[in-house]
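Coordinates as given in work15.cif (mmCIF, C-alpha atoms):
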data_upload
loop_
_atom_site.group_PDB
_atom_site.id
_atom_site.type_symbol
_atom_site.label_atom_id
_atom_site.label_comp_id
_atom_site.auth_asym_id
_atom_site.auth_seq_id
_atom_site.Cartn_x
_atom_site.Cartn_y
_atom_site.Cartn_z
ATOM 1 C CA MET A 1 2.953 -3.338 -7.510
ATOM 2 C CA GLY A 2 5.768 -0.931 -8.232
ATOM 3 C CA PHE A 3 3.536 2.079 -7.684
ATOM 4 C CA SER A 4 2.563 1.165 -4.120
ATOM 5 C CA LEU A 5 5.569 2.540 -2.246
ATOM 6 C CA ALA A 6 5.490 5.651 -4.393
ATOM 7 C CA VAL A 7 1.971 6.179 -3.051
ATOM 8 C CA LEU A 8 3.519 6.389 0.420
ATOM 9 C CA VAL A 9 5.209 9.655 -0.379
ATOM 10 C CA TRP A 10 2.693 10.877 -2.943
ATOM 11 C CA ARG A 11 2.349 14.667 -2.885
ATOM 12 C CA LEU A 12 5.187 15.043 -0.413
ATOM 13 C CA PRO A 13 7.495 17.849 -1.534
ATOM 14 C CA HIS A 14 10.983 17.279 -2.908
ATOM 15 C CA LEU A 15 10.244 13.800 -4.236
ATOM 16 C CA SER A 16 12.844 13.365 -6.947
ATOM 17 C CA ASP A 17 12.556 11.205 -10.033
ATOM 18 C CA LYS A 18 15.360 9.052 -8.647
ATOM 19 C CA ASP A 19 13.429 8.408 -5.432
ATOM 20 C CA VAL A 20 10.301 7.536 -7.390
ATOM 21 C CA ALA A 21 12.293 5.079 -9.500
ATOM 22 C CA ILE A 22 13.659 3.406 -6.356
ATOM 23 C CA LEU A 23 10.222 3.083 -4.785
ATOM 24 C CA ARG A 24 8.777 1.680 -7.992
ATOM 25 C CA GLN A 25 11.071 -1.327 -7.573
ATOM 26 C CA PHE A 26 8.790 -2.558 -4.792
ATOM 27 C CA PRO A 27 8.611 -5.421 -3.996
ATOM 28 C CA PRO A 28 12.403 -5.666 -4.041
ATOM 29 C CA LYS A 29 14.105 -8.462 -5.921
ATOM 30 C CA ALA A 30 17.496 -7.890 -4.304
ATOM 31 C CA LEU A 31 18.697 -6.798 -0.893
ATOM 32 C CA GLU A 32 20.254 -3.685 -2.405
ATOM 33 C CA GLN A 33 16.835 -2.545 -3.640
ATOM 34 C CA LEU A 34 15.331 -3.069 -0.192
ATOM 35 C CA VAL A 35 18.107 -1.039 1.448
ATOM 36 C CA ALA A 36 17.676 1.742 -1.110
ATOM 37 C CA GLN A 37 13.933 1.858 -0.434
ATOM 38 C CA ARG A 38 14.617 2.032 3.289
ATOM 39 C CA ASP A 39 16.981 4.957 2.780
ATOM 40 C CA VAL A 40 14.422 6.894 0.737
ATOM 41 C CA LEU A 41 11.641 6.259 3.245
ATOM 42 C CA LEU A 42 13.888 7.164 6.173
ATOM 43 C CA GLU A 43 14.599 10.511 4.573
ATOM 44 C CA TYR A 44 10.913 11.307 4.165
ATOM 45 C CA ALA A 45 9.976 9.830 7.551
ATOM 46 C CA ARG A 46 12.366 12.257 9.235
ATOM 47 C CA ALA A 47 10.865 15.200 7.374
ATOM 48 C CA PHE A 48 7.208 14.113 7.503
ATOM 49 C CA PRO A 49 6.906 11.498 10.290
ATOM 50 C CA ALA A 50 3.141 11.559 10.823
ATOM 51 C CA SER A 51 2.293 11.669 7.136
ATOM 52 C CA VAL A 52 4.564 8.756 6.238
ATOM 53 C CA ALA A 53 3.285 6.681 9.186
ATOM 54 C CA VAL A 54 -0.352 7.212 8.183
ATOM 55 C CA ARG A 55 0.348 6.360 4.557
ATOM 56 C CA LEU A 56 2.323 3.280 5.550
ATOM 57 C CA CYS A 57 -0.592 2.046 7.665
ATOM 58 C CA PHE A 58 -3.073 2.752 4.885
ATOM 59 C CA LEU A 59 -0.968 0.923 2.309
ATOM 60 C CA TYR A 60 -0.481 -2.085 4.593
ATOM 61 C CA ILE A 61 -4.212 -2.371 5.291
ATOM 62 C CA PHE A 62 -5.028 -1.923 1.606
ATOM 63 C CA LEU A 63 -2.655 -4.697 0.504
ATOM 64 C CA GLN A 64 -3.890 -7.036 3.234
ATOM 65 C CA THR A 65 -7.552 -6.340 2.548
ATOM 66 C CA PHE A 66 -7.286 -7.208 -1.131
ATOM 67 C CA ALA A 67 -4.739 -10.026 -0.646
ATOM 68 C CA ILE A 68 -2.056 -8.218 -2.646
ATOM 69 C CA PRO A 69 1.511 -9.464 -1.990
ATOM 70 C CA GLY A 70 3.942 -7.084 -0.348
ATOM 71 C CA THR A 71 3.037 -6.906 3.334
ATOM 72 C CA ILE A 72 6.135 -8.864 4.377
ATOM 73 C CA TRP A 73 8.347 -6.198 2.812
ATOM 74 C CA LEU A 74 6.307 -3.466 4.475
ATOM 75 C CA SER A 75 6.844 -5.226 7.812
ATOM 76 C CA ILE A 76 10.591 -5.228 7.212
ATOM 77 C CA LEU A 77 10.546 -1.571 6.197
ATOM 78 C CA SER A 78 8.484 -0.729 9.291
ATOM 79 C CA GLY A 79 11.184 -2.279 11.448
ATOM 80 C CA ALA A 80 13.796 -0.301 9.531
ATOM 81 C CA LEU A 81 11.886 2.974 9.935
ATOM 82 C CA TYR A 82 10.755 2.689 13.548
ATOM 83 C CA GLY A 83 12.963 0.048 15.127
ATOM 84 C CA ALA A 84 12.134 -3.565 15.882
ATOM 85 C CA LEU A 85 9.843 -2.947 18.863
ATOM 86 C CA ARG A 86 7.843 0.037 17.644
ATOM 87 C CA GLY A 87 7.681 -1.420 14.161
ATOM 88 C CA PHE A 88 6.405 -4.677 15.639
ATOM 89 C CA VAL A 89 3.601 -2.900 17.511
ATOM 90 C CA LEU A 90 2.633 -0.940 14.407
ATOM 91 C CA VAL A 91 2.659 -3.988 12.136
ATOM 92 C CA SER A 92 0.741 -6.116 14.642
ATOM 93 C CA VAL A 93 -2.056 -3.550 14.720
ATOM 94 C CA VAL A 94 -2.300 -2.810 10.998
ATOM 95 C CA SER A 95 -1.929 -6.457 9.954
ATOM 96 C CA THR A 96 -4.814 -7.386 12.246
ATOM 97 C CA ILE A 97 -6.936 -4.541 10.886
ATOM 98 C CA GLY A 98 -6.085 -5.587 7.333
ATOM 99 C CA ALA A 99 -6.971 -9.222 8.008
ATOM 100 C CA LEU A 100 -10.233 -8.136 9.633
ATOM 101 C CA SER A 101 -11.036 -5.938 6.624
ATOM 102 C CA CYS A 102 -10.426 -8.915 4.337
ATOM 103 C CA PHE A 103 -12.637 -11.045 6.613
ATOM 104 C CA LEU A 104 -15.477 -8.520 6.415
ATOM 105 C CA MET A 105 -15.149 -8.078 2.662
ATOM 106 C CA SER A 106 -15.334 -11.836 2.181
ATOM 107 C CA PHE A 107 -18.364 -11.966 4.472
ATOM 108 C CA LEU A 108 -20.135 -9.348 2.372
ATOM 109 C CA ILE A 109 -19.233 -10.276 -1.201
ATOM 110 C CA GLY A 110 -16.665 -13.070 -1.283
ATOM 111 C CA ARG A 111 -18.617 -16.262 -0.622
ATOM 112 C CA PRO A 112 -19.221 -17.364 -4.247
ATOM 113 C CA LEU A 113 -15.620 -16.694 -5.252
ATOM 114 C CA VAL A 114 -14.085 -18.499 -2.266
ATOM 115 C CA ARG A 115 -16.358 -21.507 -2.753
ATOM 116 C CA ALA A 116 -15.418 -21.631 -6.431
ATOM 117 C CA ILE A 117 -11.653 -21.377 -5.867
ATOM 118 C CA TRP A 118 -11.214 -23.591 -2.773
ATOM 119 C CA PRO A 119 -14.223 -25.941 -2.508
ATOM 120 C CA GLU A 120 -12.402 -28.904 -0.938
ATOM 121 C CA ARG A 121 -10.133 -26.837 1.286
ATOM 122 C CA LEU A 122 -13.098 -24.778 2.453
ATOM 123 C CA SER A 123 -15.034 -27.927 3.334
ATOM 124 C CA HIS A 124 -12.088 -29.308 5.296
ATOM 125 C CA TYR A 125 -11.569 -26.021 7.122
ATOM 126 C CA GLY A 126 -15.253 -25.834 8.007
ATOM 127 C CA LYS A 127 -15.172 -29.320 9.537
ATOM 128 C CA GLU A 128 -12.070 -28.454 11.553
ATOM 129 C CA VAL A 129 -13.688 -25.271 12.856
ATOM 130 C CA GLN A 130 -16.876 -27.072 13.882
ATOM 131 C CA ALA A 131 -14.868 -29.782 15.645
ATOM 132 C CA ARG A 132 -12.900 -27.202 17.633
ATOM 133 C CA LYS A 133 -15.619 -24.772 18.642
ATOM 134 C CA SER A 134 -14.622 -24.941 22.302
ATOM 135 C CA ASP A 135 -10.958 -24.105 21.565
ATOM 136 C CA LEU A 136 -11.338 -22.009 18.448
ATOM 137 C CA LEU A 137 -9.067 -19.192 19.601
ATOM 138 C CA ASN A 138 -6.151 -21.563 20.134
ATOM 139 C CA TYR A 139 -6.846 -23.220 16.797
ATOM 140 C CA ILE A 140 -6.757 -19.874 14.950
ATOM 141 C CA ILE A 141 -3.492 -18.995 16.708
ATOM 142 C CA PHE A 142 -2.083 -22.358 15.654
ATOM 143 C CA LEU A 143 -3.123 -21.802 12.027
ATOM 144 C CA ARG A 144 -1.523 -18.364 11.978
ATOM 145 C CA VAL A 145 1.775 -19.654 13.323
ATOM 146 C CA THR A 146 1.942 -22.722 11.094
ATOM 147 C CA PRO A 147 1.697 -22.986 7.280
ATOM 148 C CA ILE A 148 -1.230 -25.440 7.246
ATOM 149 C CA PHE A 149 -3.474 -22.892 5.524
ATOM 150 C CA PRO A 150 -2.260 -19.704 3.794
ATOM 151 C CA ASN A 151 -3.122 -16.533 5.672
ATOM 152 C CA VAL A 152 -5.121 -15.265 2.715
ATOM 153 C CA PHE A 153 -7.286 -18.373 2.795
ATOM 154 C CA ILE A 154 -7.867 -18.020 6.549
ATOM 155 C CA ASN A 155 -8.921 -14.400 6.055
ATOM 156 C CA VAL A 156 -11.456 -15.077 3.313
ATOM 157 C CA ALA A 157 -12.698 -18.495 4.444
ATOM 158 C CA SER A 158 -13.242 -17.810 8.144
ATOM 159 C CA PRO A 159 -16.483 -15.812 7.787
ATOM 160 C CA ILE A 160 -17.879 -18.467 5.453
ATOM 161 C CA VAL A 161 -17.339 -21.291 7.963
ATOM 162 C CA ASP A 162 -18.753 -19.190 10.816
ATOM 163 C CA VAL A 163 -15.600 -18.293 12.711
ATOM 164 C CA PRO A 164 -16.726 -15.583 15.178
ATOM 165 C CA VAL A 165 -15.144 -12.222 14.501
ATOM 166 C CA LEU A 166 -13.793 -11.915 18.062
ATOM 167 C CA GLN A 167 -11.914 -15.223 17.942
ATOM 168 C CA PHE A 168 -10.697 -14.432 14.439
ATOM 169 C CA THR A 169 -9.360 -11.020 15.453
ATOM 170 C CA ALA A 170 -7.725 -12.161 18.686
ATOM 171 C CA GLY A 171 -6.281 -15.284 17.065
ATOM 172 C CA THR A 172 -4.879 -13.232 14.201
ATOM 173 C CA LEU A 173 -3.319 -10.642 16.494
ATOM 174 C CA LEU A 174 -1.680 -13.229 18.745
ATOM 175 C CA GLY A 175 -0.860 -15.823 16.108
ATOM 176 C CA CYS A 176 0.836 -13.396 13.730
ATOM 177 C CA MET A 177 3.037 -11.859 16.420
ATOM 178 C CA PRO A 178 5.990 -14.258 16.001
ATOM 179 C CA ASN A 179 6.246 -13.686 12.248
ATOM 180 C CA ASN A 180 5.660 -9.963 12.627
ATOM 181 C CA PHE A 181 8.497 -9.700 15.104
ATOM 182 C CA VAL A 182 10.818 -11.770 12.909
ATOM 183 C CA PHE A 183 10.350 -9.391 9.981
ATOM 184 C CA CYS A 184 10.417 -6.185 12.033
ATOM 185 C CA ASN A 185 13.542 -7.384 13.802
ATOM 186 C CA ALA A 186 15.105 -8.079 10.398
ATOM 187 C CA GLY A 187 14.219 -4.553 9.326
ATOM 188 C CA GLY A 188 15.838 -3.140 12.437
ATOM 189 C CA ARG A 189 19.130 -4.807 11.526
ATOM 190 C CA LEU A 190 18.829 -4.393 7.771
ATOM 191 C CA GLY A 191 22.299 -2.900 7.486
ATOM 192 C CA GLU A 192 23.831 -6.091 8.904
ATOM 193 C CA LEU A 193 22.228 -8.462 6.414
ATOM 194 C CA GLN A 194 24.143 -9.975 3.524
ATOM 195 C CA SER A 195 21.233 -11.625 1.698
ATOM 196 C CA PHE A 196 17.507 -12.287 1.966
ATOM 197 C CA ALA A 197 18.321 -15.569 3.711
ATOM 198 C CA ASP A 198 19.591 -13.549 6.683
ATOM 199 C CA LEU A 199 16.118 -12.090 7.231
ATOM 200 C CA TYR A 200 15.172 -15.122 9.293
ATOM 201 C CA ASP A 201 16.470 -15.305 12.840
ATOM 202 C CA VAL A 202 16.674 -18.986 13.824
ATOM 203 C CA LYS A 203 15.941 -18.286 17.490
ATOM 204 C CA LEU A 204 12.844 -16.273 16.644
ATOM 205 C CA LEU A 205 11.631 -18.933 14.220
ATOM 206 C CA LEU A 206 12.017 -21.541 16.950
ATOM 207 C CA LEU A 207 10.047 -19.268 19.256
ATOM 208 C CA GLY A 208 7.272 -19.194 16.667
ATOM 209 C CA CYS A 209 7.235 -22.997 16.601
ATOM 210 C CA VAL A 210 6.984 -23.090 20.391
ATOM 211 C CA VAL A 211 4.048 -20.667 20.282
ATOM 212 C CA GLY A 212 2.316 -22.852 17.704
ATOM 213 C CA VAL A 213 2.784 -25.995 19.778
ATOM 214 C CA ALA A 214 1.653 -24.217 22.943
ATOM 215 C CA ALA A 215 -1.468 -22.957 21.195
ATOM 216 C CA MET A 216 -2.403 -26.489 20.167
ATOM 217 C CA VAL A 217 -1.957 -28.057 23.611
ATOM 218 C CA PRO A 218 -5.469 -27.083 24.820
ATOM 219 C CA VAL A 219 -6.943 -28.196 21.489
ATOM 220 C CA VAL A 220 -5.291 -31.625 21.657
ATOM 221 C CA TRP A 221 -6.127 -31.970 25.348
ATOM 222 C CA THR A 222 -9.799 -31.251 24.694
ATOM 223 C CA HIS A 223 -9.846 -33.703 21.789
ATOM 224 C CA VAL A 224 -8.266 -36.472 23.899
ATOM 225 C CA HIS A 225 -10.557 -35.708 26.833
ATOM 226 C CA LYS A 226 -13.636 -35.959 24.605
ATOM 227 C CA LYS A 227 -12.464 -39.307 23.246
ATOM 228 C CA GLN A 228 -11.903 -40.643 26.741
ATOM 229 C CA SER A 229 -15.320 -39.393 27.837
ATOM 230 C CA LEU A 230 -16.979 -41.098 24.873
ATOM 231 C CA LYS A 231 -15.161 -44.361 25.626
ATOM 232 C CA LEU A 232 -16.206 -44.160 29.267
ATOM 233 C CA GLN A 233 -19.813 -43.496 28.315
ATOM 234 C CA SER A 234 -19.752 -46.415 25.869
ATOM 235 C CA ALA A 235 -18.304 -48.714 28.527
ATOM 236 C CA GLN A 236 -20.914 -47.644 31.065
ATOM 237 C CA HIS A 237 -23.654 -48.160 28.506
ATOM 238 C CA ALA A 238 -22.312 -51.632 27.647
ATOM 239 C CA GLU A 239 -22.281 -52.589 31.325
ATOM 240 C CA SER A 240 -25.822 -51.382 31.845
ATOM 241 C CA VAL A 241 -27.251 -53.454 28.975
ATOM 242 C CA PRO A 242 -26.639 -56.932 30.569
ATOM 243 C CA GLU A 243 -28.035 -55.680 33.865
ATOM 244 C CA ARG A 244 -31.277 -54.693 32.162
ATOM 245 C CA LYS A 245 -31.480 -58.090 30.439
ATOM 246 C CA THR A 246 -31.060 -59.989 33.722
ATOM 247 C CA GLN A 247 -33.822 -57.949 35.270
#

Please go through the file and, once you have read it, give me the structure as structure tokens.
Amino acid sequence: MGFSLAVLVWRLPHLSDKDVAILRQFPPKALEQLVAQRDVLLEYARAFPASVAVRLCFLYIFLQTFAIPGTIWLSILSGALYGALRGFVLVSVVSTIGALSCFLMSFLIGRPLVRAIWPERLSHYGKEVQARKSDLLNYIIFLRVTPIFPNVFINVASPIVDVPVLQFTAGTLLGCMPNNFVFCNAGGRLGELQSFADLYDVKLLLLGCVVGVAAMVPVVWTHVHKKQSLKLQSAQHAESVPERKTQ
């Protein structure tokens, strides 16, 4: 993994051995390493803004496509490089593209591997998807906001259980927004942080919880409504049976 940030500035001029050594410490194990990586990338982003942005996007999509850890740190660095808002927009787009790439790769070649690694979880997920066909978008948003299933699993399992690509893409974009903003916001205030624990803004985390609950309201409502409809149909059927007998 240490090579990945060095790839960002590969072939850019004036890349010193010291800078390469700093970037090879990715993913960072201490806040000081993260700050040092930000400083190096800021220097090159000022000199080569378009080139660094393109390489950052490519690296993010690559890591997400092949389920390689490190995208959280790239989200933080994006916030540090471009500010919380612009970094958030950038990360929201590339994280969705990366998840979609992982989805498509799993659709093409990943079925045997996913079934072998997560047989029970895949079966459970498939049943949940089939039961929520009418509110699938809200369900995907809910899964993205909450830790019920890992994001990697959602990416690779969704095409296997017939989640439509449109609902998957929209649910991923919307459902990942709270977390994306948390990390980009942390990157924007990286100089104020004292430890990795300070990366998480309590207010923003609560906002993510609210989004998750709000996304599930239509799902729960539909589920309750279906149950009530079935009970009503059963009651009507039970009432009609004696009438037929008396006739």

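The residue that comes closest to A:Ala116, out of A:Ala157, A:Ala170, A:Val54, A:Ala197 and on the basis of only C-alpha atoms, is A:Ala157.
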
Considering all atoms listed in the file, state which residue in the set A:Leu63, A:Val52, A:Ala80, A:Val152 is at the smallest distance from A:Ala36.
A:Ala80

Report as a PyMOL selection string all protein, DNA and RNA residues lying within 10 Å of A:Cys57, evaluated on all atoms listed in the file, omitting residues in the same chain fewer than 2 positions from it.
chain A and resi 8+52-55+59-62+74+78+90-91+93-95+97-98

In terms of only C-alpha atoms, the residue from A:Ser106, A:Ser158, A:Asn180, A:Gln25 at minimal distance from A:Glu128 is A:Ser158

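Using the PyMOL selection byres ((chain A and resi 45) around 12) on the file at hand returns these residues: Leu8, Val9, Leu12, Gln37, Arg38, Asp39, Val40, Leu41, Leu42, Glu43, Tyr44, Arg46, Ala47, Phe48, Pro49, Ala50, Ser51, Val52, Ala53, Val54, Arg55, Leu56, Leu77, Ser78, Ala80, Leu81 and Tyr82 of chain A.
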
Show which residues sit within 10 Å of A:Pro28, as a list in words. Count all atoms listed in the file, and ignore same-chain residues fewer than 4 positions away.
Gly2, Ile22, Leu23, Arg24, Glu32, Gln33, Leu34, Val35, Ala36, Gln37, Gly70 and Trp73 of chain A
